[in-house]
>>> print(open('target_30.txt').read())   # compact mmCIF, C-alpha atoms
# COMPACT_ATOMS: atom_id res chain seq x y z
CA MET N 505 -136.36 194.79 -78.44
CA ARG N 506 -135.10 197.90 -76.68
CA ILE N 507 -133.21 197.69 -73.38
CA SER N 508 -136.36 198.81 -71.54
CA GLU N 509 -138.23 195.75 -72.84
CA LEU N 510 -135.28 193.47 -72.03
CA SER N 511 -135.41 194.89 -68.50
CA GLU N 512 -139.13 194.32 -68.22
CA ARG N 513 -139.07 190.78 -69.58
CA SER N 514 -136.08 189.69 -67.51
CA GLY N 515 -137.02 191.52 -64.32
CA VAL N 516 -133.51 193.02 -64.18
CA THR N 517 -133.16 196.82 -63.91
CA ILE N 518 -131.65 198.85 -66.76
CA PRO N 519 -128.62 199.97 -64.66
CA THR N 520 -127.89 196.31 -63.87
CA LEU N 521 -128.21 195.36 -67.56
CA LYS N 522 -125.77 198.15 -68.44
CA TYR N 523 -123.41 196.81 -65.78
CA TYR N 524 -123.61 193.33 -67.33
CA LEU N 525 -122.83 194.84 -70.75
CA ARG N 526 -119.82 196.71 -69.35
CA GLU N 527 -118.55 193.63 -67.52
CA GLY N 528 -118.88 191.42 -70.59
CA LEU N 529 -121.51 189.13 -69.05
CA LEU N 530 -123.96 190.15 -71.75
CA HIS N 531 -123.05 190.44 -75.45
CA PRO N 532 -123.68 193.87 -77.03
CA GLY N 533 -126.97 194.56 -78.80
CA GLU N 534 -127.19 195.51 -82.45
CA LEU N 535 -126.46 199.20 -82.82
CA GLN N 536 -129.24 201.33 -84.38
CA GLY N 537 -127.57 204.71 -84.63
CA ALA N 538 -125.20 206.24 -82.11
CA THR N 539 -127.06 205.70 -78.83
CA ARG N 540 -129.63 203.02 -79.56
CA ALA N 541 -129.22 199.26 -79.58
CA THR N 542 -131.69 196.42 -79.98
CA TYR N 543 -131.65 193.08 -78.21
CA ASP N 544 -133.10 189.67 -78.99
CA ASP N 545 -134.00 186.39 -77.29
CA SER N 546 -130.34 185.43 -76.98
CA HIS N 547 -129.90 188.42 -74.68
CA LEU N 548 -132.95 187.50 -72.64
CA GLU N 549 -131.69 183.95 -72.20
CA ARG N 550 -128.26 185.20 -71.21
CA VAL N 551 -129.64 187.60 -68.60
CA ARG N 552 -131.67 184.75 -67.09
CA LEU N 553 -128.55 182.57 -66.98
CA VAL N 554 -126.58 185.30 -65.20
CA ARG N 555 -129.39 185.77 -62.63
CA THR N 556 -129.50 182.03 -61.94
CA LEU N 557 -125.75 181.86 -61.41
CA VAL N 558 -125.75 184.93 -59.16
CA ASP N 559 -128.99 184.39 -57.19
CA VAL N 560 -129.06 180.61 -56.78
CA GLY N 561 -125.45 179.64 -57.40
CA ARG N 562 -124.14 182.68 -55.51
CA LEU N 563 -121.27 182.90 -57.99
CA SER N 564 -119.14 186.03 -58.09
CA ILE N 565 -119.37 188.29 -61.15
CA GLU N 566 -115.85 187.19 -62.07
CA ARG N 567 -116.92 183.54 -61.95
CA VAL N 568 -120.04 184.27 -64.01
CA ARG N 569 -117.83 185.88 -66.66
CA GLU N 570 -115.77 182.68 -66.85
CA VAL N 571 -118.94 180.59 -67.20
CA VAL N 572 -120.28 182.82 -69.96
CA ARG N 573 -116.97 182.65 -71.84
CA ALA N 574 -116.88 178.87 -71.56
CA ILE N 575 -120.43 178.64 -72.95
CA ASP N 576 -119.53 180.91 -75.85
CA ALA N 577 -116.50 178.76 -76.74
CA PRO N 578 -117.39 175.25 -75.57
CA PRO N 579 -115.15 172.20 -76.13
CA ALA N 580 -116.41 169.93 -78.91
CA GLY N 581 -116.41 166.58 -77.09
CA ARG N 582 -119.34 165.55 -74.90
CA HIS N 583 -117.07 164.30 -72.16
CA GLU N 584 -114.81 167.36 -72.16
CA LEU N 585 -117.90 169.51 -71.66
CA LEU N 586 -118.34 168.10 -68.19
CA GLY N 587 -114.76 169.01 -67.30
CA ALA N 588 -115.44 172.57 -68.45
CA ALA N 589 -118.70 172.72 -66.46
CA HIS N 590 -117.00 171.41 -63.32
CA GLU N 591 -114.08 173.77 -63.69
CA ALA N 592 -116.49 176.71 -63.97
CA LEU N 593 -118.32 175.65 -60.80
CA ARG N 594 -115.41 174.55 -58.62
CA PRO N 595 -115.36 176.57 -55.40
CA HIS N 596 -112.21 178.53 -54.73
CA PRO N 597 -110.68 176.48 -51.92
CA ALA N 598 -110.01 178.23 -48.61
CA SER N 599 -106.77 176.29 -48.16
CA GLY N 600 -104.06 175.62 -50.73
CA THR N 601 -103.15 172.23 -52.16
CA PRO N 602 -105.01 169.05 -51.17
CA ALA N 603 -103.47 166.97 -48.37
CA PRO N 604 -101.69 163.72 -49.35
CA GLU N 605 -104.28 161.73 -47.34
CA ALA N 606 -107.08 163.20 -49.44
CA LEU N 607 -105.31 162.23 -52.66
CA GLU N 608 -104.80 158.69 -51.33
CA ARG N 609 -108.47 158.44 -50.50
CA LEU N 610 -109.27 159.58 -54.01
CA ALA N 611 -106.91 157.05 -55.55
CA ALA N 612 -108.64 154.30 -53.55
CA LEU N 613 -111.90 155.08 -55.35
CA ASP N 614 -110.23 153.78 -58.53
CA LEU N 615 -111.68 156.20 -61.06
CA PRO N 616 -109.10 156.41 -63.86
CA GLU N 617 -111.37 158.68 -65.93
CA CYS N 618 -111.28 161.33 -63.21
CA VAL N 619 -107.52 161.61 -62.67
CA HIS N 620 -106.57 165.30 -62.48
CA SER N 621 -110.09 166.35 -63.43
CA PRO N 622 -111.64 169.46 -61.87
CA ALA N 623 -114.17 167.22 -60.12
CA SER N 624 -111.55 165.03 -58.47
CA LEU N 625 -109.57 168.09 -57.43
CA GLN N 626 -112.75 169.53 -55.88
CA LEU N 627 -113.27 166.27 -53.99
CA ALA N 628 -109.69 166.27 -52.70
CA GLU N 629 -110.11 169.88 -51.56
CA ALA N 630 -113.39 169.10 -49.76
CA LEU N 631 -111.81 166.12 -48.00
CA THR N 632 -108.80 168.23 -47.02
CA ALA N 633 -111.00 170.98 -45.56
CA ALA N 634 -113.05 168.45 -43.60
CA ALA N 635 -109.93 166.72 -42.26
CA ALA N 636 -108.41 170.07 -41.26
CA ALA N 637 -111.52 170.70 -39.14
CA GLY N 638 -111.15 167.27 -37.54
CA TRP N 639 -113.64 165.33 -39.66
CA SER N 640 -112.35 162.27 -41.46
CA VAL N 641 -114.54 160.58 -44.08
CA GLU N 642 -113.73 156.86 -43.94
CA PRO N 643 -112.84 155.08 -47.21
CA GLU N 644 -115.87 152.76 -46.92
CA THR N 645 -118.17 155.75 -46.37
CA LEU N 646 -116.72 157.56 -49.36
CA ALA N 647 -117.20 154.53 -51.59
CA ARG N 648 -120.80 154.12 -50.42
CA TRP N 649 -121.56 157.80 -50.98
CA LEU N 650 -120.02 157.67 -54.47
CA GLU N 651 -122.31 154.77 -55.28
CA ALA N 652 -125.27 156.83 -54.09
CA MET N 653 -124.22 159.82 -56.18
CA ARG N 654 -123.95 157.60 -59.24
CA ALA N 655 -127.73 157.22 -59.17
CA VAL N 656 -128.02 161.01 -59.20
CA ALA N 657 -125.39 161.41 -61.91
CA GLU N 658 -127.24 159.07 -64.26
CA THR N 659 -130.07 161.62 -64.47
CA ASP N 660 -127.60 164.51 -64.77
CA VAL N 661 -125.59 163.09 -67.63
CA VAL N 662 -128.59 162.01 -69.67
CA ALA N 663 -130.19 165.43 -69.18
CA ALA N 664 -127.13 167.56 -69.94
CA LEU N 665 -125.32 165.62 -72.62
CA GLY N 666 -128.47 164.83 -74.56
CA GLU N 667 -128.57 168.48 -75.62
CA VAL N 668 -127.87 169.15 -79.30
CA SER N 669 -125.21 171.87 -79.40
CA PRO N 670 -122.07 171.85 -77.22
CA GLY N 671 -122.93 175.35 -75.92
CA ASP N 672 -126.40 174.22 -74.86
CA ALA N 673 -125.01 171.05 -73.29
CA LEU N 674 -122.47 173.05 -71.30
CA ARG N 675 -125.09 175.58 -70.18
CA TYR N 676 -127.39 172.74 -69.20
CA ALA N 677 -124.65 170.96 -67.22
CA ILE N 678 -123.76 174.15 -65.35
CA VAL N 679 -127.29 175.35 -64.66
CA GLY N 680 -128.43 171.85 -63.76
CA ASN N 681 -125.76 171.50 -61.10
CA VAL N 682 -126.31 175.03 -59.76
CA LEU N 683 -130.07 174.61 -59.45
CA THR N 684 -130.21 171.05 -58.15
CA ASP N 685 -127.25 171.03 -55.72
CA PRO N 686 -129.51 172.75 -53.13
CA VAL N 687 -132.25 170.20 -53.87
CA LEU N 688 -129.84 167.35 -53.19
CA LEU N 689 -128.59 168.85 -49.93
CA ALA N 690 -132.17 169.41 -48.79
CA LEU N 691 -132.98 165.79 -49.68
CA ARG N 692 -130.04 164.72 -47.53
CA ARG N 693 -131.60 166.50 -44.54
CA VAL N 694 -135.03 165.03 -45.29
CA ALA N 695 -133.47 161.57 -45.53
CA GLN N 696 -131.71 162.13 -42.18
CA GLU N 697 -135.08 162.86 -40.59
CA SER N 698 -136.64 159.87 -42.22
CA VAL N 699 -133.86 157.52 -41.09
CA SER N 700 -133.89 159.06 -37.61
CA ALA N 701 -137.67 158.58 -37.33
CA GLU N 702 -137.25 154.93 -38.29
CA ARG N 703 -134.57 154.43 -35.67
CA PHE N 704 -135.96 156.53 -32.84
CA GLY N 705 -139.63 156.10 -33.70
CA THR N 706 -140.90 159.55 -32.83
CA GLY N 707 -143.36 161.93 -34.46
CA PRO N 708 -142.69 164.79 -36.83
CA THR N 709 -139.63 166.95 -36.25
CA ARG N 710 -140.73 170.47 -35.50
CA SER N 711 -138.66 173.55 -35.86
CA THR N 712 -137.12 174.77 -32.63
CA GLY N 713 -136.18 178.15 -34.11
CA MET Q 57 -104.86 179.48 -20.39
CA ARG Q 58 -104.53 183.16 -21.21
CA ILE Q 59 -106.11 184.65 -24.34
CA SER Q 60 -102.67 184.69 -26.00
CA GLU Q 61 -102.41 180.92 -25.64
CA LEU Q 62 -105.98 180.44 -26.85
CA SER Q 63 -105.03 182.51 -29.89
CA GLU Q 64 -101.91 180.48 -30.53
CA ARG Q 65 -103.58 177.10 -30.13
CA SER Q 66 -106.63 177.99 -32.24
CA GLY Q 67 -104.78 179.98 -34.90
CA VAL Q 68 -107.25 182.84 -34.44
CA THR Q 69 -105.92 186.34 -33.71
CA ILE Q 70 -106.58 188.02 -30.34
CA PRO Q 71 -108.68 190.84 -31.90
CA THR Q 72 -110.89 188.20 -33.57
CA LEU Q 73 -111.23 186.30 -30.28
CA LYS Q 74 -112.28 189.54 -28.57
CA TYR Q 75 -114.81 190.10 -31.35
CA TYR Q 76 -116.23 186.60 -30.77
CA LEU Q 77 -116.49 187.38 -27.03
CA ARG Q 78 -118.32 190.66 -27.71
CA GLU Q 79 -120.68 189.02 -30.22
CA GLY Q 80 -121.52 186.18 -27.83
CA LEU Q 81 -120.05 183.47 -30.06
CA LEU Q 82 -117.59 182.58 -27.33
CA HIS Q 83 -118.51 182.29 -23.63
CA PRO Q 84 -116.56 184.57 -21.26
CA GLY Q 85 -113.43 183.28 -19.58
CA GLU Q 86 -113.06 183.06 -15.82
CA LEU Q 87 -112.15 186.48 -14.46
CA GLN Q 88 -108.84 186.70 -12.56
CA GLY Q 89 -108.88 190.29 -11.34
CA ALA Q 90 -110.21 193.26 -13.25
CA THR Q 91 -108.53 192.83 -16.65
CA ARG Q 92 -107.43 189.21 -16.78
CA ALA Q 93 -109.43 186.15 -17.72
CA THR Q 94 -108.47 182.52 -18.22
CA TYR Q 95 -109.82 180.11 -20.78
CA ASP Q 96 -110.06 176.34 -20.98
CA ASP Q 97 -110.54 173.54 -23.52
CA SER Q 98 -114.24 174.39 -23.86
CA HIS Q 99 -113.19 177.76 -25.29
CA LEU Q 100 -110.71 176.16 -27.67
CA GLU Q 101 -113.34 173.75 -28.93
CA ARG Q 102 -115.84 176.58 -29.37
CA VAL Q 103 -113.38 178.70 -31.36
CA ARG Q 104 -112.70 175.76 -33.66
CA LEU Q 105 -116.44 175.25 -34.14
CA VAL Q 106 -116.91 178.92 -35.05
CA ARG Q 107 -114.03 178.76 -37.56
CA THR Q 108 -115.51 175.66 -39.20
CA LEU Q 109 -118.92 177.28 -39.54
CA VAL Q 110 -117.44 180.51 -40.92
CA ASP Q 111 -114.66 179.13 -43.15
CA VAL Q 112 -116.20 175.95 -44.51
CA GLY Q 113 -119.92 176.52 -43.95
CA ARG Q 114 -119.66 180.21 -44.93
CA LEU Q 115 -122.30 181.01 -42.30
CA SER Q 116 -122.87 184.62 -41.28
CA ILE Q 117 -121.87 185.69 -37.77
CA GLU Q 118 -125.56 186.03 -36.95
CA ARG Q 119 -126.17 182.45 -38.08
CA VAL Q 120 -123.18 181.19 -36.07
CA ARG Q 121 -124.61 182.87 -32.98
CA GLU Q 122 -127.87 180.95 -33.49
CA VAL Q 123 -125.95 177.68 -33.87
CA VAL Q 124 -123.95 178.32 -30.70
CA ARG Q 125 -127.12 179.13 -28.75
CA ALA Q 126 -128.82 175.97 -29.98
CA ILE Q 127 -125.81 173.88 -28.91
CA ASP Q 128 -125.82 175.49 -25.46
CA ALA Q 129 -129.52 174.74 -24.99
CA PRO Q 130 -130.17 171.61 -27.06
CA PRO Q 131 -133.53 169.81 -27.20
CA ALA Q 132 -133.55 166.59 -25.15
CA GLY Q 133 -134.92 164.17 -27.77
CA ARG Q 134 -132.62 162.56 -30.33
CA HIS Q 135 -135.03 163.19 -33.15
CA GLU Q 136 -135.72 166.82 -32.23
CA LEU Q 137 -131.97 167.44 -32.34
CA LEU Q 138 -131.98 166.92 -36.08
CA GLY Q 139 -134.73 169.49 -36.50
CA ALA Q 140 -132.65 171.97 -34.51
CA ALA Q 141 -129.53 171.19 -36.59
CA HIS Q 142 -131.43 171.60 -39.86
CA GLU Q 143 -133.05 174.82 -38.72
CA ALA Q 144 -129.62 176.23 -37.84
CA LEU Q 145 -128.25 175.33 -41.28
CA ARG Q 146 -131.22 176.21 -43.49
CA PRO Q 147 -130.18 178.79 -46.08
CA HIS Q 148 -132.14 182.03 -46.04
CA PRO Q 149 -134.22 181.64 -49.19
CA ALA Q 150 -133.88 184.31 -51.89
CA SER Q 151 -137.60 184.14 -52.62
CA GLY Q 152 -140.49 184.11 -50.15
CA THR Q 153 -142.84 181.20 -49.58
CA PRO Q 154 -142.48 177.90 -51.45
CA ALA Q 155 -144.60 177.50 -54.59
CA PRO Q 156 -147.69 175.22 -54.37
CA GLU Q 157 -146.12 172.89 -56.98
CA ALA Q 158 -143.09 172.39 -54.74
CA LEU Q 159 -145.30 171.52 -51.77
CA GLU Q 160 -147.23 169.03 -53.92
CA ARG Q 161 -144.00 167.41 -55.02
CA LEU Q 162 -142.98 167.15 -51.39
CA ALA Q 163 -146.32 165.61 -50.42
CA ALA Q 164 -145.85 162.99 -53.15
CA LEU Q 165 -142.69 161.76 -51.41
CA ASP Q 166 -144.94 160.58 -48.57
CA LEU Q 167 -142.73 161.40 -45.59
CA PRO Q 168 -145.13 161.98 -42.69
CA GLU Q 169 -142.22 162.42 -40.26
CA CYS Q 170 -140.97 165.44 -42.20
CA VAL Q 171 -144.19 167.47 -42.42
CA HIS Q 172 -143.43 171.12 -41.61
CA SER Q 173 -139.86 170.23 -40.63
CA PRO Q 174 -137.02 172.65 -41.44
CA ALA Q 175 -135.61 170.04 -43.85
CA SER Q 176 -138.82 169.72 -45.85
CA LEU Q 177 -139.19 173.49 -45.95
CA GLN Q 178 -135.63 173.74 -47.28
CA LEU Q 179 -136.48 171.17 -49.94
CA ALA Q 180 -139.60 173.07 -50.97
CA GLU Q 181 -137.57 176.28 -51.20
CA ALA Q 182 -134.87 174.64 -53.32
CA LEU Q 183 -137.49 173.19 -55.68
CA THR Q 184 -139.20 176.59 -55.90
CA ALA Q 185 -135.94 178.37 -56.75
CA ALA Q 186 -135.09 175.77 -59.41
CA ALA Q 187 -138.57 176.00 -60.95
CA ALA Q 188 -138.41 179.80 -60.98
CA ALA Q 189 -135.22 179.52 -63.04
CA GLY Q 190 -136.96 177.13 -65.44
CA TRP Q 191 -135.70 173.83 -64.05
CA SER Q 192 -138.30 171.31 -63.00
CA VAL Q 193 -137.22 168.23 -61.04
CA GLU Q 194 -139.57 165.41 -62.08
CA PRO Q 195 -141.34 163.44 -59.32
CA GLU Q 196 -139.61 160.19 -60.36
CA THR Q 197 -136.22 161.89 -60.29
CA LEU Q 198 -136.91 163.33 -56.85
CA ALA Q 199 -137.93 159.93 -55.49
CA ARG Q 200 -134.82 158.30 -56.94
CA TRP Q 201 -132.56 161.00 -55.51
CA LEU Q 202 -134.21 160.68 -52.09
CA GLU Q 203 -133.47 156.97 -52.16
CA ALA Q 204 -129.82 157.75 -52.98
CA MET Q 205 -129.59 160.27 -50.13
CA ARG Q 206 -130.99 157.70 -47.73
CA ALA Q 207 -127.76 155.72 -48.10
CA VAL Q 208 -125.85 158.87 -47.14
CA ALA Q 209 -128.19 159.68 -44.27
CA GLU Q 210 -127.69 156.24 -42.71
CA THR Q 211 -124.07 157.15 -42.03
CA ASP Q 212 -125.02 160.64 -40.85
CA VAL Q 213 -127.63 159.56 -38.33
CA VAL Q 214 -125.52 156.80 -36.82
CA ALA Q 215 -122.56 159.17 -36.50
CA ALA Q 216 -124.41 162.15 -35.06
CA LEU Q 217 -127.05 160.60 -32.86
CA GLY Q 218 -124.69 158.04 -31.38
CA GLU Q 219 -123.08 160.89 -29.41
CA VAL Q 220 -123.65 160.82 -25.67
CA SER Q 221 -124.85 164.30 -24.70
CA PRO Q 222 -127.54 166.23 -26.62
CA GLY Q 223 -125.16 169.19 -27.04
CA ASP Q 224 -122.47 166.98 -28.56
CA ALA Q 225 -125.02 165.25 -30.79
CA LEU Q 226 -126.29 168.60 -32.05
CA ARG Q 227 -122.78 169.91 -32.65
CA TYR Q 228 -121.89 166.70 -34.46
CA ALA Q 229 -125.00 166.88 -36.65
CA ILE Q 230 -124.29 170.49 -37.59
CA VAL Q 231 -120.56 170.16 -38.17
CA GLY Q 232 -121.01 166.87 -40.01
CA ASN Q 233 -123.40 168.41 -42.49
CA VAL Q 234 -121.29 171.55 -42.92
CA LEU Q 235 -118.08 169.62 -43.55
CA THR Q 236 -119.43 166.83 -45.73
CA ASP Q 237 -121.95 168.72 -47.90
CA PRO Q 238 -119.02 169.88 -50.10
CA VAL Q 239 -117.71 166.28 -50.20
CA LEU Q 240 -121.09 165.05 -51.43
CA LEU Q 241 -121.36 167.72 -54.12
CA ALA Q 242 -117.84 166.93 -55.30
CA LEU Q 243 -118.74 163.23 -55.41
CA ARG Q 244 -121.71 164.13 -57.58
CA ARG Q 245 -119.37 165.73 -60.11
CA VAL Q 246 -116.97 162.78 -59.97
CA ALA Q 247 -119.89 160.41 -60.52
CA GLN Q 248 -121.03 162.52 -63.50
CA GLU Q 249 -117.60 162.09 -65.05
CA SER Q 250 -117.60 158.41 -64.34
CA VAL Q 251 -121.06 157.89 -65.87
CA SER Q 252 -120.14 160.09 -68.83
CA ALA Q 253 -116.96 158.09 -69.45
CA GLU Q 254 -118.98 154.87 -69.44
CA ARG Q 255 -121.47 156.28 -71.93
CA PHE Q 256 -119.15 158.20 -74.20
CA GLY Q 257 -116.11 156.00 -73.71
CA THR Q 258 -113.39 158.63 -73.74
CA GLY Q 259 -110.26 159.16 -71.71
CA PRO Q 260 -109.74 161.31 -68.63
CA THR Q 261 -111.49 164.66 -68.43
CA ARG Q 262 -108.90 167.40 -68.32
CA SER Q 263 -109.41 170.88 -67.02
CA THR Q 264 -110.02 173.43 -69.72
CA GLY Q 265 -109.47 176.35 -67.36
>>> encode(input="target_30.txt", output="structure tokens")
Amino acid sequence: MRISELSERSGVTIPTLKYYLREGLLHPGELQGATRATYDDSHLERVRLVRTLVDVGRLSIERVREVVRAIDAPPAGRHELLGAAHEALRPHPASGTPAPEALERLAALDLPECVHSPASLQLAEALTAAAAAGWSVEPETLARWLEAMRAVAETDVVAALGEVSPGDALRYAIVGNVLTDPVLLALRRVAQESVSAERFGTGPTRSTG
Amino acid sequence: MRISELSERSGVTIPTLKYYLREGLLHPGELQGATRATYDDSHLERVRLVRTLVDVGRLSIERVREVVRAIDAPPAGRHELLGAAHEALRPHPASGTPAPEALERLAALDLPECVHSPASLQLAEALTAAAAAGWSVEPETLARWLEAMRAVAETDVVAALGEVSPGDALRYAIVGNVLTDPVLLALRRVAQESVSAERFGTGPTRSTG
């Protein structure tokens, strides 16, 4: 297809598509003469991926480039794929290195398979940021929350790592986290309301805004 | 204290403090003559709150102003406080109204206390955004995740709504969610690694970045 059709089918304007091509987020089309190129379904899929990462994941263009590169050269092992997905999605921490207390709390969770992994580093950074703002997550709370997230992760791992090719599995792991993180956080709020209603026995919570 | 001491103790520069005063994020100090004002611990606490919302929660200044106003005029009921906290934190959705499928999925969760609440609207919006990007969260998955988030919410509700004054409870509910949402998402990744290691039986996941 021509770039105009790629634009129409993806809902992304031609100038934006050209920007993606320049920035290396989108692989070049097949040249048909000096000024014409054609594109295929792989381009359409890639444009949709970029939009998801930008619109829903609110990733920077630089971050999206890293994700795209990782998908184009994925690690071979199923388990290593997760590390690559987590590394691609890890927020840039506001502060520097994790606090010693956060690392201790992590060690107490006893997860040998996560030592030095991007995920455990992200956890240490989140705990450090919370503690710096005066919010300490108690060890028992952290262990209980981890248990809860295990139920979520069961679905995630089956979904992502059941994919056939490493590139697809990596894309699935990244997109799955990006798209369902907001679902999980919304479910947390819904669960807070539900628990609160049970405890305080009142009617529906209405918006005050 | 003078503004210079407020700056020193909060780690926020004087120009930024003046900006907060102009924007109504920080209540005025007590005037001591025409050009001098003094500040107290309520100002220090407010500055710290604003920093947390901006740095960790990545809220816009406009959003922070809404949060501050809600805290200064909180609803009286414990349960309504949660609605106010959730409304203050609800992301501005990229798309418009939730899709009918998302509302159906919500209805299937059978949570009468959450009908039309900011939390349930946020959930419908997150499901709509995921579906628009081609990712459908199955009803069974959603129910299982809600159950998992209930364990998290138990801690949240006890912590926040145990506070004495409505303003403190609201602040606690908002700050608690802002600071521990990243902890939860990091725990999800850690749990993914842990589940993956159990299933694929490999060693630690190393960063590929």
>>> closest_atom_pairs(input="target_30.txt", of="chain N", to="chain Q", cutoff="6 Å", atoms="all atoms listed in the file", output="CSV")
residue,atom,partner,partner_atom,distance
N:Glu584,CA,Q:Thr261,CA,5.7
N:Gly587,CA,Q:Thr261,CA,5.6
N:Ala588,CA,Q:Thr264,CA,5.6
N:Glu617,CA,Q:Pro260,CA,4.1
N:Cys618,CA,Q:Pro260,CA,5.6
N:Ser621,CA,Q:Arg262,CA,5.1
N:Pro622,CA,Q:Ser263,CA,5.8
N:Ala623,CA,Q:Val246,CA,5.3
N:Gln626,CA,Q:Ala242,CA,5.7
N:Leu627,CA,Q:Ala242,CA,4.8
N:Ala630,CA,Q:Val239,CA,5.2
N:Ala634,CA,Q:Leu235,CA,5.2
N:Trp649,CA,Q:Val208,CA,5.9
N:Leu650,CA,Q:Leu243,CA,5.8
N:Ala652,CA,Q:Ala204,CA,4.8
N:Met653,CA,Q:Arg244,CA,5.2
N:Arg654,CA,Q:Ala247,CA,5.1
N:Val656,CA,Q:Trp201,CA,5.9
N:Ala657,CA,Q:Gln248,CA,4.8
N:Leu683,CA,Q:Ala186,CA,5.2
N:Pro686,CA,Q:Ala182,CA,5.7
N:Val687,CA,Q:Ala182,CA,5.2
N:Ala690,CA,Q:Leu179,CA,4.8
N:Leu691,CA,Q:Leu202,CA,5.8
N:Arg692,CA,Q:Met205,CA,5.2
N:Arg693,CA,Q:Ala175,CA,5.4
N:Val694,CA,Q:Ala175,CA,5.2
N:Ala695,CA,Q:Arg206,CA,5.1
N:Gln696,CA,Q:Ala209,CA,4.8
N:Gly707,CA,Q:Glu169,CA,5.9
N:Pro708,CA,Q:Glu169,CA,4.2
N:Thr709,CA,Q:Ser173,CA,5.5
N:Arg710,CA,Q:Ser173,CA,5.2
N:Ser711,CA,Q:Gly139,CA,5.7
N:Thr712,CA,Q:Ala140,CA,5.6
>>> atom_distance(input="target_30.txt", atom1="atom CA of Leu73 of chain Q", atom2="atom CA of Gln88 of chain Q")
17.9 Å
>>> axis_aligned_box(input="target_30.txt", around="segment 108-116 of chain Q", padding_each_side="6 Å", output="lines of an AutoDock Vina configuration file")
center_x = -118.8
center_y = 180.1
center_z = -42.1
size_x = 20.2
size_y = 21.0
size_z = 17.7
>>> atom_distance(input="target_30.txt", atom1="atom CA of Arg227 of chain Q", atom2="atom CA of Arg78 of chain Q")
21.8 Å
>>> atom_distance(input="target_30.txt", atom1="atom CA of Gly528 of chain N", atom2="atom CA of Ile507 of chain N")
15.9 Å
>>> residues_around(input="target_30.txt", residues="Asp545 of chain N", least_positions_apart="3", cutoff="9 Å", atoms="only C-alpha atoms", output="MDAnalysis selection string")
chainID N and resid 505 510 548:550
>>> residues_around(input="target_30.txt", residues="Thr542 of chain N", least_positions_apart="4", cutoff="6 Å", atoms="only C-alpha atoms", output="short mmCIF file (atom, residue, chain, number, x, y, z; two decimals) with C-alpha atoms, keeping the file's coordinate frame")
data_model
loop_
_atom_site.label_atom_id
_atom_site.label_comp_id
_atom_site.auth_asym_id
_atom_site.auth_seq_id
_atom_site.Cartn_x
_atom_site.Cartn_y
_atom_site.Cartn_z
CA MET N 505 -136.36 194.79 -78.44
CA ARG N 506 -135.10 197.90 -76.68
CA GLY N 533 -126.97 194.56 -78.80
CA GLU N 534 -127.19 195.51 -82.45
#
